[in-house]
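Colleague: Sharing start14.txt (compact mmCIF, C-alpha atoms) below.
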# COMPACT_ATOMS: atom_id res chain seq x y z
CA GLY A 1 82.80 109.63 113.61
CA GLN A 2 86.43 109.16 114.53
CA SER A 3 88.77 111.31 116.62
CA LEU A 4 92.21 110.82 118.10
CA GLU A 5 94.02 112.70 120.86
CA GLN A 6 97.75 113.03 121.39
CA PRO A 7 99.90 115.40 123.44
CA SER A 8 100.97 118.32 121.31
CA GLU A 9 104.61 118.40 122.45
CA VAL A 10 107.08 116.22 124.30
CA THR A 11 110.69 117.07 125.21
CA ALA A 12 113.39 114.64 126.33
CA VAL A 13 117.16 114.34 126.37
CA GLU A 14 119.40 112.07 124.34
CA GLY A 15 119.54 108.52 125.65
CA ALA A 16 116.25 108.84 127.51
CA ILE A 17 112.98 106.95 127.01
CA VAL A 18 109.81 108.74 125.97
CA GLN A 19 106.21 107.55 125.64
CA ILE A 20 103.70 109.21 123.33
CA ASN A 21 100.10 108.37 124.12
CA CYS A 22 97.14 108.18 121.80
CA THR A 23 93.48 107.77 122.68
CA TYR A 24 90.83 107.26 120.04
CA GLN A 25 87.11 107.25 119.52
CA THR A 26 85.98 105.44 116.41
CA SER A 27 82.85 104.00 114.90
CA GLY A 28 84.91 101.08 113.63
CA PHE A 29 88.41 99.90 114.43
CA TYR A 30 90.84 97.61 112.71
CA GLY A 31 94.17 98.81 114.03
CA LEU A 32 96.39 101.62 115.29
CA SER A 33 99.37 102.83 113.28
CA TRP A 34 102.21 105.21 114.04
CA TYR A 35 104.01 107.48 111.59
CA GLN A 36 107.05 109.73 111.92
CA GLN A 37 107.39 112.99 110.04
CA HIS A 38 110.48 115.20 110.02
CA ASP A 39 110.04 118.87 109.25
CA GLY A 40 109.52 119.32 105.53
CA GLY A 41 109.43 115.58 104.95
CA ALA A 42 106.81 112.97 104.22
CA PRO A 43 105.37 110.71 106.91
CA THR A 44 107.04 107.33 107.22
CA PHE A 45 105.51 104.21 108.73
CA LEU A 46 106.78 103.08 112.13
CA SER A 47 104.45 100.40 113.47
CA TYR A 48 100.99 98.87 113.44
CA ASN A 49 98.97 97.15 116.18
CA ALA A 50 95.83 95.21 115.34
CA LEU A 51 95.76 93.19 118.57
CA ASP A 52 96.29 94.08 122.22
CA GLY A 53 99.85 94.07 123.44
CA LEU A 54 103.29 95.32 122.66
CA GLU A 55 105.01 95.27 119.27
CA GLU A 56 108.75 95.89 119.29
CA THR A 57 110.84 97.10 116.38
CA GLY A 58 114.35 98.01 117.40
CA ARG A 59 114.36 101.12 119.57
CA PHE A 60 110.66 101.70 118.93
CA SER A 61 107.77 99.80 120.52
CA SER A 62 104.05 100.30 120.19
CA PHE A 63 101.30 99.19 122.53
CA LEU A 64 97.55 98.81 122.09
CA SER A 65 94.68 98.25 124.50
CA ARG A 66 91.46 97.92 122.52
CA SER A 67 89.30 97.81 125.65
CA ASP A 68 90.70 101.19 126.72
CA SER A 69 90.80 102.67 123.18
CA TYR A 70 94.38 103.59 123.97
CA GLY A 71 97.81 103.07 122.57
CA TYR A 72 101.30 104.45 122.89
CA LEU A 73 104.58 104.68 121.07
CA LEU A 74 107.69 104.09 123.16
CA LEU A 75 111.01 105.42 121.95
CA GLN A 76 114.13 104.18 123.72
CA GLU A 77 117.75 105.38 123.63
CA LEU A 78 116.63 108.65 122.12
CA GLN A 79 118.83 110.19 119.46
CA MET A 80 118.84 113.71 118.06
CA LYS A 81 117.53 112.37 114.76
CA ASP A 82 114.36 111.24 116.55
CA SER A 83 113.28 114.89 116.80
CA ALA A 84 110.17 114.90 114.61
CA SER A 85 106.39 114.82 114.73
CA TYR A 86 104.71 111.53 115.52
CA PHE A 87 101.18 110.71 114.41
CA CYS A 88 98.90 107.92 115.48
CA ALA A 89 96.32 106.80 112.93
CA VAL A 90 93.29 104.59 113.08
CA ARG A 91 91.96 102.42 110.30
CA GLY A 92 88.22 102.17 110.55
CA TYR A 93 85.81 100.22 108.43
CA GLY A 94 86.92 100.15 104.85
CA GLN A 95 90.37 101.63 104.37
CA ASN A 96 89.61 105.15 105.54
CA PHE A 97 92.40 106.33 107.82
CA VAL A 98 92.10 109.08 110.43
CA PHE A 99 95.29 110.65 111.73
CA GLY A 100 95.79 112.25 115.11
CA PRO A 101 96.93 115.89 115.43
CA GLY A 102 100.53 114.82 115.98
CA THR A 103 103.05 115.07 118.82
CA ARG A 104 106.15 117.14 118.27
CA LEU A 105 109.13 115.46 119.94
CA SER A 106 112.20 117.54 120.71
CA VAL A 107 115.34 115.67 121.73
CA LEU A 108 117.86 117.81 123.59
CA PRO A 109 121.59 117.10 123.87
CA GLY B 1 112.27 100.19 93.43
CA ALA B 2 110.87 103.65 92.98
CA GLY B 3 108.73 105.15 95.70
CA VAL B 4 105.63 107.28 95.42
CA SER B 5 106.22 110.37 93.31
CA GLN B 6 104.20 113.56 93.12
CA SER B 7 104.27 116.52 90.81
CA PRO B 8 104.67 119.38 90.87
CA SER B 9 106.66 119.69 94.09
CA ASN B 10 105.54 123.30 94.44
CA LYS B 11 102.63 125.15 92.89
CA VAL B 12 101.83 128.81 93.27
CA THR B 13 98.53 129.92 91.79
CA GLU B 14 96.15 132.83 91.91
CA LYS B 15 92.83 132.69 93.70
CA GLY B 16 90.13 131.41 91.38
CA LYS B 17 92.41 129.35 89.14
CA ASP B 18 92.16 125.57 88.78
CA VAL B 19 95.09 123.31 89.72
CA GLU B 20 95.85 119.67 89.01
CA LEU B 21 98.14 117.61 91.22
CA ARG B 22 99.58 114.28 90.14
CA CYS B 23 100.53 111.14 92.07
CA ASP B 24 102.39 108.09 90.76
CA PRO B 25 101.99 105.24 93.27
CA ILE B 26 104.35 102.35 93.83
CA SER B 27 103.82 99.73 91.14
CA GLY B 28 101.49 96.98 92.30
CA HIS B 29 99.91 98.99 95.11
CA THR B 30 96.16 98.77 94.79
CA ALA B 31 95.25 101.39 97.39
CA LEU B 32 95.88 105.11 96.96
CA TYR B 33 95.11 107.93 99.37
CA TRP B 34 95.15 111.70 99.17
CA TYR B 35 95.66 113.84 102.28
CA ARG B 36 95.89 117.54 102.99
CA GLN B 37 98.26 118.90 105.63
CA ARG B 38 98.10 122.52 106.66
CA LEU B 39 101.16 124.06 108.26
CA GLY B 40 101.84 122.59 111.69
CA GLN B 41 98.77 120.39 111.61
CA GLY B 42 97.92 116.74 111.14
CA LEU B 43 96.92 114.88 108.01
CA GLU B 44 93.38 115.39 106.78
CA PHE B 45 92.01 112.47 104.74
CA LEU B 46 90.58 113.52 101.38
CA ILE B 47 89.89 110.47 99.21
CA TYR B 48 90.75 106.78 98.93
CA PHE B 49 90.94 104.54 95.86
CA GLN B 50 91.03 100.75 96.02
CA GLY B 51 91.44 98.95 92.71
CA ASN B 52 88.34 99.32 90.56
CA SER B 53 85.98 99.89 93.49
CA ALA B 54 84.11 103.15 93.88
CA PRO B 55 86.38 105.64 95.66
CA ASP B 56 85.72 106.79 99.21
CA LYS B 57 85.23 110.53 98.73
CA SER B 58 84.03 111.20 102.26
CA GLY B 59 86.95 113.52 103.08
CA LEU B 60 86.67 115.93 100.16
CA PRO B 61 85.94 119.33 101.74
CA SER B 62 83.80 120.75 98.93
CA ASP B 63 82.65 120.09 95.39
CA ARG B 64 85.60 122.13 94.15
CA PHE B 65 87.74 119.10 94.92
CA SER B 66 87.76 116.00 92.73
CA ALA B 67 90.13 113.14 92.03
CA GLU B 68 90.52 110.42 89.47
CA ARG B 69 92.52 107.25 89.18
CA THR B 70 92.76 104.95 86.21
CA GLY B 71 93.02 101.36 87.37
CA GLU B 72 95.96 100.97 89.72
CA SER B 73 98.07 103.70 88.19
CA VAL B 74 98.37 107.45 88.29
CA SER B 75 95.93 109.61 90.21
CA THR B 76 95.17 113.29 89.79
CA LEU B 77 93.63 115.61 92.36
CA THR B 78 91.94 118.66 90.88
CA ILE B 79 91.01 121.76 92.82
CA GLN B 80 88.75 124.17 90.96
CA ARG B 81 88.42 127.88 91.69
CA THR B 82 91.16 127.74 94.30
CA GLN B 83 90.80 129.71 97.52
CA GLN B 84 93.49 130.91 99.91
CA GLU B 85 92.27 128.35 102.45
CA ASP B 86 93.35 125.61 100.01
CA SER B 87 97.01 126.50 100.64
CA ALA B 88 98.59 123.38 102.14
CA VAL B 89 100.78 120.40 101.35
CA TYR B 90 98.89 117.71 99.49
CA LEU B 91 100.23 114.25 100.21
CA CYS B 92 99.59 111.07 98.31
CA ALA B 93 100.18 107.60 99.73
CA SER B 94 99.87 104.10 98.34
CA SER B 95 99.48 100.77 100.09
CA PRO B 96 99.75 97.11 99.05
CA VAL B 97 96.28 96.19 100.33
CA GLY B 98 95.83 92.46 100.69
CA GLY B 99 99.50 91.68 101.06
CA GLU B 100 101.98 91.82 103.90
CA GLY B 101 102.02 95.08 105.76
CA THR B 102 98.60 95.96 104.54
CA ASP B 103 98.37 98.88 106.89
CA THR B 104 101.60 100.43 105.77
CA GLN B 105 101.15 103.54 103.70
CA TYR B 106 104.04 104.82 101.63
CA PHE B 107 103.92 108.56 101.23
CA GLY B 108 105.13 110.73 98.40
CA PRO B 109 107.05 113.97 99.02
CA GLY B 110 103.92 116.06 98.62
CA THR B 111 102.92 119.08 96.57
CA ARG B 112 103.08 122.40 98.35
CA LEU B 113 100.21 124.53 97.06
CA THR B 114 100.17 128.26 97.66
CA VAL B 115 97.12 130.25 96.63
CA LEU B 116 97.75 133.99 96.42
I'd like the structure from this file rewritten - as structure tokens, please.

Modeller:
Amino acid sequence: GQSLEQPSEVTAVEGAIVQINCTYQTSGFYGLSWYQQHDGGAPTFLSYNALDGLEETGRFSSFLSRSDSYGYLLLQELQMKDSASYFCAVRGYGQNFVFGPGTRLSVLP
Amino acid sequence: GAGVSQSPSNKVTEKGKDVELRCDPISGHTALYWYRQRLGQGLEFLIYFQGNSAPDKSGLPSDRFSAERTGESVSTLTIQRTQQEDSAVYLCASSPVGGEGTDTQYFGPGTRLTVL
């Protein structure tokens, strides 16, 4: 089976840096993805890590350690518009994806 | 180009009725996924289609749920004899498997299903 754990809520102020962690247990693993979902909206893709290390895309970075079954999403220079839910997702064997429960990020002025 | 579209955007039905939800994926995307998202919760995988291969139905919660896809085009998710517990947003996503960004899923706006 596959399961993922994330913190349920994170709060930070504008301009700050926040890290959202994700740990996973899977029977197969090809990569860790991150998605953002605003209230009432559809999830949108942020990043994907197949190999260990840090991937940087603008203000967002994502990290993976396969040996630790752990990854994180790092958001820098937080903006109000970053307030949303963030989901990590694991692709196991085949193309079956399992999503984490989501972390609700609140950015305060 | 056009993104993933879903219809209807909202569906209110009575317990026991059948409903059919439609998904139009991005043209050329060979992979198509259906997910269920209950209020305030994460995405629950339902079914996955990849080209003409047999679909992965491992996430369907009961035999009241079924889905079809013709080739690499439209997919329909059917829920028979709906129950109140089926109330949720049903999301469809497509992915260009085998190309760049193969792990990127593009989501539709979802269908909000309410079973009274």

Colleague: Closest to Gly28 (chain B) among B:Asp86, B:Glu72, B:Asp63, B:Asp103, using all atoms listed in the file?

Modeller: B:Glu72

Colleague: Counting only C-alpha atoms, what are the residues of chain A within 8 Å of chain B, and for each of them which pair of atoms is the nearest and at what distance in Å, to one decimal? Sort the table by chain and rising number, as a tab-separated table.

Modeller:
residue	atom	partner	partner_atom	distance
A:Ser33	CA	B:Asp103	CA	7.6
A:Gly41	CA	B:Pro109	CA	6.6
A:Ala42	CA	B:Pro109	CA	5.3
A:Pro43	CA	B:Phe107	CA	6.2
A:Thr44	CA	B:Tyr106	CA	6.8
A:Phe45	CA	B:Thr104	CA	6.2
A:Tyr48	CA	B:Asp103	CA	7.1
A:Phe87	CA	B:Gly42	CA	7.6
A:Gln95	CA	B:Tyr48	CA	7.5
A:Asn96	CA	B:Tyr48	CA	6.9
A:Phe97	CA	B:Phe45	CA	6.9
A:Val98	CA	B:Phe45	CA	6.6
A:Phe99	CA	B:Leu43	CA	5.9
A:Gly100	CA	B:Gly42	CA	6.4
A:Pro101	CA	B:Gly42	CA	4.5
A:Gly102	CA	B:Gly42	CA	5.8

Colleague: Can you measure CA of Leu113 (chain B) to CA of Ser95 (chain B) for me? One decimal in Å is fine.

Modeller: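 Taking CA of Leu113 (chain B) as the start and CA of Ser95 (chain B) as the end point, the length is 24.0 Å.
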
Colleague: At a cut-off of 7 Å around the point (110.8, 113.1, 118.3) (file coordinates), what residues fall inside when counting only C-alpha atoms? I'd like the answer as a tab-separated table (two decimals) with C-alpha atoms, in the coordinates of the input.

Modeller:
chain	number	residue	atom	x	y	z
A	82	ASP	CA	114.36	111.24	116.55
A	83	SER	CA	113.28	114.89	116.80
A	84	ALA	CA	110.17	114.90	114.61
A	85	SER	CA	106.39	114.82	114.73
A	86	TYR	CA	104.71	111.53	115.52
A	104	ARG	CA	106.15	117.14	118.27
A	105	LEU	CA	109.13	115.46	119.94
A	106	SER	CA	112.20	117.54	120.71
A	107	VAL	CA	115.34	115.67	121.73

Colleague: What is the CA of Gly40 (chain A)-CA of Gly15 (chain A) distance in Å, reported with one decimal?

Modeller: 24.9 Å

Colleague: Please report the interatomic distance between CA of Ala67 (chain B) and CA of Gly3 (chain B) in Å with one decimal.

Modeller: 20.6 Å

Colleague: Taking every listed atom of region 58-69 of chain B and adding 4 Å to each side, what centre and edge lengths in Å (one decimal) does the axis-aligned box have, as JSON?

Modeller:
{"center_x": 87.6, "center_y": 114.7, "center_z": 96.1, "size_x": 17.9, "size_y": 22.9, "size_z": 21.9}

Colleague: Select, from A:Phe29, A:Ile20, A:Arg91, A:Val13, the residue with the minimum atom-to-atom distance to Phe60 (chain A), counting all atoms listed in the file.

Modeller: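 Nearest candidate to Phe60 (chain A) out of A:Phe29, A:Ile20, A:Arg91, A:Val13: A:Ile20.
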
Colleague: Counting all atoms listed in the file, which of A:Val90, A:Leu73, A:Leu78, A:Cys22 gets nearest to Ala50 (chain A)?

Modeller: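 Of A:Val90, A:Leu73, A:Leu78, A:Cys22, the one nearest Ala50 (chain A), counting all atoms listed in the file, is A:Val90.
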
Colleague: Please provide the set of residues having any atom within 7 Å of Ser3 (chain A), restricted to all atoms listed in the file, with same-chain residues fewer than 4 positions apart removed, written as a list in words.

Modeller: Tyr24, Gln25 and Thr26 of chain A

Colleague: Which residue out of B:Gly51, B:Gln83, B:Leu77, B:Pro61 has the minimum interatomic distance to Ser7 (chain B) when all atoms listed in the file are used?

Modeller: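 Of all the options, B:Leu77 lies closest to Ser7 (chain B).
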
Colleague: Name the closest residue to Ser9 (chain B) among the candidates B:Ser66, B:Asn52, B:Gln84, B:Thr111; distances are taken between atoms, counting all atoms listed in the file.

Modeller: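 Looking at the shortest contact to Ser9 (chain B), the residue is B:Thr111.
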
Colleague: Taking all atoms listed in the file into account, name the residue in B:Thr78, B:Ser5, B:Thr30, B:Thr13 that is nearest to Arg64 (chain B).

Modeller: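 Closest residue, counting all atoms listed in the file: B:Thr78.
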
Colleague: Please provide as a VMD selection string all residues within 7 Å of Thr114 (chain B), with the sequence filter that same-chain residues fewer than 2 positions apart are discarded (counting all atoms listed in the file).

Modeller: chain B and resid 11 to 13 87 to 88 112 116

Colleague: Export region 10-29 of chain B from the structure block above, keeping N, CA, C and O atoms, as a compact mmCIF listing (two decimals), in the first residue's frame.

Modeller:
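This is the output file decode.txt:
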# COMPACT_ATOMS: atom_id res chain seq x y z
N ASN B 10 -21.84 21.51 -11.89
CA ASN B 10 -22.57 21.16 -10.68
C ASN B 10 -23.67 20.18 -11.02
O ASN B 10 -24.31 20.30 -12.06
N LYS B 11 -23.89 19.23 -10.11
CA LYS B 11 -24.96 18.26 -10.31
C LYS B 11 -25.60 17.97 -8.96
O LYS B 11 -24.92 17.57 -8.02
N VAL B 12 -26.90 18.22 -8.89
CA VAL B 12 -27.65 17.88 -7.70
C VAL B 12 -28.60 16.75 -8.07
O VAL B 12 -29.33 16.85 -9.07
N THR B 13 -28.58 15.68 -7.32
CA THR B 13 -29.42 14.54 -7.64
C THR B 13 -30.02 13.97 -6.37
O THR B 13 -29.61 14.29 -5.25
N GLU B 14 -31.01 13.13 -6.56
CA GLU B 14 -31.65 12.49 -5.43
C GLU B 14 -31.01 11.13 -5.18
O GLU B 14 -30.59 10.44 -6.13
N LYS B 15 -30.97 10.76 -3.94
CA LYS B 15 -30.45 9.44 -3.56
C LYS B 15 -31.12 8.36 -4.38
O LYS B 15 -32.35 8.37 -4.55
N GLY B 16 -30.29 7.45 -4.91
CA GLY B 16 -30.82 6.34 -5.69
C GLY B 16 -30.78 6.55 -7.19
O GLY B 16 -30.91 5.58 -7.95
N LYS B 17 -30.60 7.81 -7.62
CA LYS B 17 -30.53 8.09 -9.05
C LYS B 17 -29.12 7.80 -9.59
O LYS B 17 -28.15 7.78 -8.82
N ASP B 18 -29.04 7.60 -10.89
CA ASP B 18 -27.74 7.43 -11.55
C ASP B 18 -27.27 8.79 -12.08
O ASP B 18 -28.08 9.61 -12.50
N VAL B 19 -25.94 9.01 -12.08
CA VAL B 19 -25.38 10.23 -12.65
C VAL B 19 -24.22 9.87 -13.56
O VAL B 19 -23.54 8.86 -13.37
N GLU B 20 -24.02 10.72 -14.55
CA GLU B 20 -22.91 10.53 -15.50
C GLU B 20 -22.12 11.83 -15.58
O GLU B 20 -22.69 12.90 -15.85
N LEU B 21 -20.82 11.72 -15.35
CA LEU B 21 -19.95 12.89 -15.37
C LEU B 21 -19.00 12.75 -16.56
O LEU B 21 -18.52 11.65 -16.86
N ARG B 22 -18.72 13.87 -17.21
CA ARG B 22 -17.95 13.83 -18.44
C ARG B 22 -16.64 14.59 -18.29
O ARG B 22 -16.57 15.61 -17.61
N CYS B 23 -15.61 14.08 -18.96
CA CYS B 23 -14.29 14.73 -18.96
C CYS B 23 -13.74 14.75 -20.38
O CYS B 23 -13.67 13.71 -21.04
N ASP B 24 -13.33 15.94 -20.83
CA ASP B 24 -12.65 16.09 -22.11
C ASP B 24 -11.19 16.43 -21.83
O ASP B 24 -10.88 17.53 -21.38
N PRO B 25 -10.27 15.50 -22.08
CA PRO B 25 -8.87 15.75 -21.77
C PRO B 25 -8.22 16.68 -22.80
O PRO B 25 -8.81 16.99 -23.83
N ILE B 26 -7.00 17.09 -22.49
CA ILE B 26 -6.23 17.88 -23.45
C ILE B 26 -5.88 16.98 -24.64
O ILE B 26 -5.47 15.82 -24.46
N SER B 27 -6.05 17.51 -25.83
CA SER B 27 -5.77 16.74 -27.03
C SER B 27 -4.34 16.23 -27.04
O SER B 27 -3.39 16.97 -26.78
N GLY B 28 -4.20 14.93 -27.32
CA GLY B 28 -2.87 14.33 -27.38
C GLY B 28 -2.41 13.71 -26.08
O GLY B 28 -1.41 12.98 -26.06
N HIS B 29 -3.12 13.96 -24.99
CA HIS B 29 -2.76 13.35 -23.71
C HIS B 29 -3.29 11.93 -23.68
O HIS B 29 -4.48 11.68 -23.82
